[in-house]
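> Starting off with a structure, shown below.
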Amino acid sequence: MLDLLKDLWGFMRERKKFWLAPIIFVMLILGGLIVLTQGSAIAPFIYTLF
């Protein structure tokens, strides 16, 4: 996982694609939110956001 992050950062730095960082950050947060609330009573409310 750490190698993936290093490679991703190297790609963004070399190609000047820093605008990808906020997109990736938001995707990780939303994915984590879905995974963490999957088995809880909050899940139906989270899925209405999408």
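Residue numbers start at 1 in each chain; chains themselves are named A, B, ... in the order of the structure tokens; ligands are numbered from 1 in the order shown.
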As a list of chain:residue names, please: the residues near Ile24 of chain A (cut-off 12 Å, only C-alpha atoms, same-chain neighbours under 4 positions excluded).

A:Leu5, A:Leu8, A:Trp9, A:Met12, A:Lys17, A:Phe18, A:Trp19, A:Leu20, A:Leu28, A:Ile29, A:Leu30, A:Gly31

> Take the residues from that selection and put them in a file with N, CA, C and O atoms, as a CSV table (one decimal), in the first residue's frame.


chain,number,residue,atom,x,y,z
A,5,LEU,N,1.1,4.5,-2.8
A,5,LEU,CA,1.0,5.9,-2.5
A,5,LEU,C,2.3,6.6,-3.0
A,5,LEU,O,2.2,7.7,-3.5
A,8,LEU,N,2.0,6.9,-6.8
A,8,LEU,CA,1.0,7.9,-7.2
A,8,LEU,C,1.5,9.3,-7.0
A,8,LEU,O,1.3,10.1,-7.8
A,9,TRP,N,2.1,9.5,-5.8
A,9,TRP,CA,2.7,10.8,-5.6
A,9,TRP,C,3.8,11.2,-6.6
A,9,TRP,O,3.9,12.3,-7.1
A,12,MET,N,2.1,12.2,-9.9
A,12,MET,CA,1.5,13.5,-9.8
A,12,MET,C,2.5,14.6,-9.8
A,12,MET,O,2.3,15.6,-10.4
A,17,LYS,N,0.2,16.9,-12.1
A,17,LYS,CA,-1.2,16.5,-12.0
A,17,LYS,C,-1.7,16.6,-10.6
A,17,LYS,O,-2.4,15.8,-10.1
A,18,PHE,N,-1.4,17.7,-9.9
A,18,PHE,CA,-1.7,17.9,-8.5
A,18,PHE,C,-3.3,18.1,-8.4
A,18,PHE,O,-3.8,17.9,-7.2
A,19,TRP,N,-4.0,18.4,-9.4
A,19,TRP,CA,-5.4,18.5,-9.3
A,19,TRP,C,-6.1,17.1,-9.0
A,19,TRP,O,-7.2,17.1,-8.6
A,20,LEU,N,-5.3,16.0,-9.2
A,20,LEU,CA,-5.9,14.7,-8.9
A,20,LEU,C,-5.9,14.4,-7.4
A,20,LEU,O,-6.8,13.6,-7.0
A,28,LEU,N,-11.4,8.4,-1.4
A,28,LEU,CA,-11.0,7.5,-0.3
A,28,LEU,C,-11.9,7.8,0.9
A,28,LEU,O,-12.3,6.8,1.6
A,29,ILE,N,-12.3,9.0,1.2
A,29,ILE,CA,-13.2,9.3,2.3
A,29,ILE,C,-14.6,8.7,2.1
A,29,ILE,O,-15.1,8.1,3.0
A,30,LEU,N,-15.1,8.8,0.9
A,30,LEU,CA,-16.4,8.3,0.6
A,30,LEU,C,-16.4,6.8,0.7
A,30,LEU,O,-17.3,6.1,1.2
A,31,GLY,N,-15.4,6.2,0.1
A,31,GLY,CA,-15.2,4.7,0.2
A,31,GLY,C,-15.1,4.2,1.6
A,31,GLY,O,-15.7,3.2,2.0

> Determine which residues of chain A receive a DSSP assignment of alpha helix (DSSP H), computed from the backbone, and state them as JSON, numbers by chain.

{"A": [2, 3, 4, 5, 6, 7, 8, 9, 10, 11, 12, 13, 14, 15, 20, 21, 22, 23, 24, 25, 26, 27, 28, 29, 30, 31, 32, 33, 34, 35, 36, 43, 44, 45, 46, 47]}

> Taking 5 positions as the minimum chain separation for residues in the same chain, which residues sit within 12 Å of Ile34 of chain A when counting only C-alpha atoms? Answer as a list in words.

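So, after excluding close chain neighbours, the residues are Met27, Leu28, Ile29, Gly39, Ser40, Ile42, Ala43, Pro44, Phe45, Ile46, Tyr47, Thr48, Leu49 and Phe50 of chain A.
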